Amino acid sequence: MVTFIERLQKEEEELSERLGKLDDFIKNNPEYENVGDVQWVLLSAQLNAMTSYLHILQDRIGDLIQNINNGTVK
């Protein structure tokens, strides 16, 4: 089970890094304003989806760790 949690934690770390880069691009890159309306909507949707995915991964990791600590791993 620890190996599975470690894989989820690695995925969380990688996703967090990619999310940070996208967020930085959107907030700090003046060229972002010139990508066009469709790309702007799609990049914003991608940022939102990645954020939701990250939160779900964090919840799963937390739940698994709690189950291990409680001895209720299935």
# chains A, B, ... in the order shown; residues from 1 in each chain; ligands from 1
>>> residues_around(residues="segment 51-66 of chain A", least_positions_apart="4", cutoff="7 Å", atoms="only C-alpha atoms", output="VMD selection string")
chain A and resid 5 8 12 15 to 16 47 70
>>> write_last_selection(atoms="N, CA and C atoms", output="short mmCIF file (atom, residue, chain, number, x, y, z; two decimals), in the first residue's frame")
data_model
loop_
_atom_site.label_atom_id
_atom_site.label_comp_id
_atom_site.auth_asym_id
_atom_site.auth_seq_id
_atom_site.Cartn_x
_atom_site.Cartn_y
_atom_site.Cartn_z
N ILE A 5 0.60 4.72 -2.41
CA ILE A 5 0.53 6.09 -1.89
C ILE A 5 1.69 6.92 -2.43
N LEU A 8 0.89 8.00 -5.88
CA LEU A 8 -0.07 9.11 -5.87
C LEU A 8 0.61 10.41 -5.45
N GLU A 12 0.87 13.77 -7.53
CA GLU A 12 0.46 15.04 -6.94
C GLU A 12 1.56 16.10 -7.11
N LEU A 15 1.80 17.10 -10.86
CA LEU A 15 0.65 17.91 -11.25
C LEU A 15 0.73 19.30 -10.64
N SER A 16 1.14 19.37 -9.40
CA SER A 16 1.28 20.66 -8.72
C SER A 16 2.29 21.54 -9.45
N LEU A 47 -6.87 25.05 -16.36
CA LEU A 47 -6.40 25.41 -15.03
C LEU A 47 -7.39 24.95 -13.96
N ASN A 70 -5.74 4.10 10.85
CA ASN A 70 -6.85 3.53 11.60
C ASN A 70 -6.90 2.01 11.49
#
>>> residues_around(residues="Ile26 of chain A", least_positions_apart="2", cutoff="12 Å", atoms="only C-alpha atoms", output="PyMOL selection string")
chain A and resi 19-24+28-35+39-47
>>> write_last_selection(atoms="N, CA and C atoms", output="mmCIF file, in the first residue's frame")
data_model
loop_
_atom_site.group_PDB
_atom_site.id
_atom_site.type_symbol
_atom_site.label_atom_id
_atom_site.label_comp_id
_atom_site.auth_asym_id
_atom_site.auth_seq_id
_atom_site.Cartn_x
_atom_site.Cartn_y
_atom_site.Cartn_z
ATOM 1 N N LEU A 19 0.681 22.656 -12.731
ATOM 2 C CA LEU A 19 -0.361 23.627 -12.415
ATOM 3 C C LEU A 19 0.251 24.986 -12.081
ATOM 4 N N GLY A 20 1.327 24.977 -11.320
ATOM 5 C CA GLY A 20 2.013 26.221 -10.984
ATOM 6 C C GLY A 20 2.539 26.933 -12.214
ATOM 7 N N LYS A 21 3.071 26.164 -13.148
ATOM 8 C CA LYS A 21 3.593 26.762 -14.385
ATOM 9 C C LYS A 21 2.471 27.375 -15.229
ATOM 10 N N LEU A 22 1.357 26.663 -15.320
ATOM 11 C CA LEU A 22 0.237 27.197 -16.087
ATOM 12 C C LEU A 22 -0.321 28.444 -15.418
ATOM 13 N N ASP A 23 -0.474 28.400 -14.113
ATOM 14 C CA ASP A 23 -0.972 29.552 -13.365
ATOM 15 C C ASP A 23 -0.033 30.749 -13.533
ATOM 16 N N ASP A 24 1.254 30.495 -13.471
ATOM 17 C CA ASP A 24 2.241 31.561 -13.659
ATOM 18 C C ASP A 24 2.140 32.143 -15.070
ATOM 19 N N ASN A 28 1.284 35.986 -15.262
ATOM 20 C CA ASN A 28 2.484 36.820 -15.404
ATOM 21 C C ASN A 28 3.008 36.962 -16.824
ATOM 22 N N ASN A 29 2.326 36.425 -17.794
ATOM 23 C CA ASN A 29 2.819 36.486 -19.159
ATOM 24 C C ASN A 29 1.926 37.420 -19.973
ATOM 25 N N PRO A 30 2.448 38.555 -20.369
ATOM 26 C CA PRO A 30 1.624 39.501 -21.144
ATOM 27 C C PRO A 30 1.131 38.907 -22.459
ATOM 28 N N GLU A 31 1.838 37.926 -23.003
ATOM 29 C CA GLU A 31 1.419 37.321 -24.259
ATOM 30 C C GLU A 31 0.157 36.479 -24.084
ATOM 31 N N TYR A 32 -0.140 36.100 -22.837
ATOM 32 C CA TYR A 32 -1.347 35.311 -22.582
ATOM 33 C C TYR A 32 -2.584 36.030 -23.085
ATOM 34 N N GLU A 33 -2.585 37.342 -22.981
ATOM 35 C CA GLU A 33 -3.741 38.128 -23.415
ATOM 36 C C GLU A 33 -3.940 38.070 -24.928
ATOM 37 N N ASN A 34 -2.918 37.642 -25.653
ATOM 38 C CA ASN A 34 -2.982 37.621 -27.113
ATOM 39 C C ASN A 34 -3.235 36.229 -27.683
ATOM 40 N N VAL A 35 -3.612 35.263 -26.855
ATOM 41 C CA VAL A 35 -3.771 33.898 -27.366
ATOM 42 C C VAL A 35 -5.097 33.687 -28.088
ATOM 43 N N GLN A 39 -8.651 30.088 -27.024
ATOM 44 C CA GLN A 39 -7.529 29.584 -26.240
ATOM 45 C C GLN A 39 -7.592 30.078 -24.798
ATOM 46 N N TRP A 40 -8.033 31.309 -24.600
ATOM 47 C CA TRP A 40 -8.144 31.851 -23.253
ATOM 48 C C TRP A 40 -9.145 31.031 -22.445
ATOM 49 N N VAL A 41 -10.293 30.742 -23.044
ATOM 50 C CA VAL A 41 -11.317 29.940 -22.364
ATOM 51 C C VAL A 41 -10.789 28.538 -22.083
ATOM 52 N N LEU A 42 -10.121 27.948 -23.059
ATOM 53 C CA LEU A 42 -9.608 26.588 -22.884
ATOM 54 C C LEU A 42 -8.498 26.521 -21.835
ATOM 55 N N LEU A 43 -7.599 27.483 -21.842
ATOM 56 C CA LEU A 43 -6.542 27.502 -20.822
ATOM 57 C C LEU A 43 -7.120 27.705 -19.425
ATOM 58 N N SER A 44 -8.109 28.553 -19.321
ATOM 59 C CA SER A 44 -8.764 28.770 -18.027
ATOM 60 C C SER A 44 -9.474 27.504 -17.559
ATOM 61 N N ALA A 45 -10.150 26.826 -18.483
ATOM 62 C CA ALA A 45 -10.820 25.564 -18.147
ATOM 63 C C ALA A 45 -9.804 24.506 -17.742
ATOM 64 N N GLN A 46 -8.671 24.471 -18.434
ATOM 65 C CA GLN A 46 -7.609 23.528 -18.099
ATOM 66 C C GLN A 46 -7.077 23.790 -16.696
ATOM 67 N N LEU A 47 -6.867 25.053 -16.362
ATOM 68 C CA LEU A 47 -6.395 25.415 -15.029
ATOM 69 C C LEU A 47 -7.387 24.952 -13.963
#
>>> atom_distance(atom1="atom CA of Gly71 of chain A", atom2="atom CA of Lys10 of chain A")
23.5 Å
>>> closest_residue(among="A:Met50, A:Asn67, A:Thr72, A:Phe4", to="Arg18 of chain A", atoms="only C-alpha atoms")
A:Met50
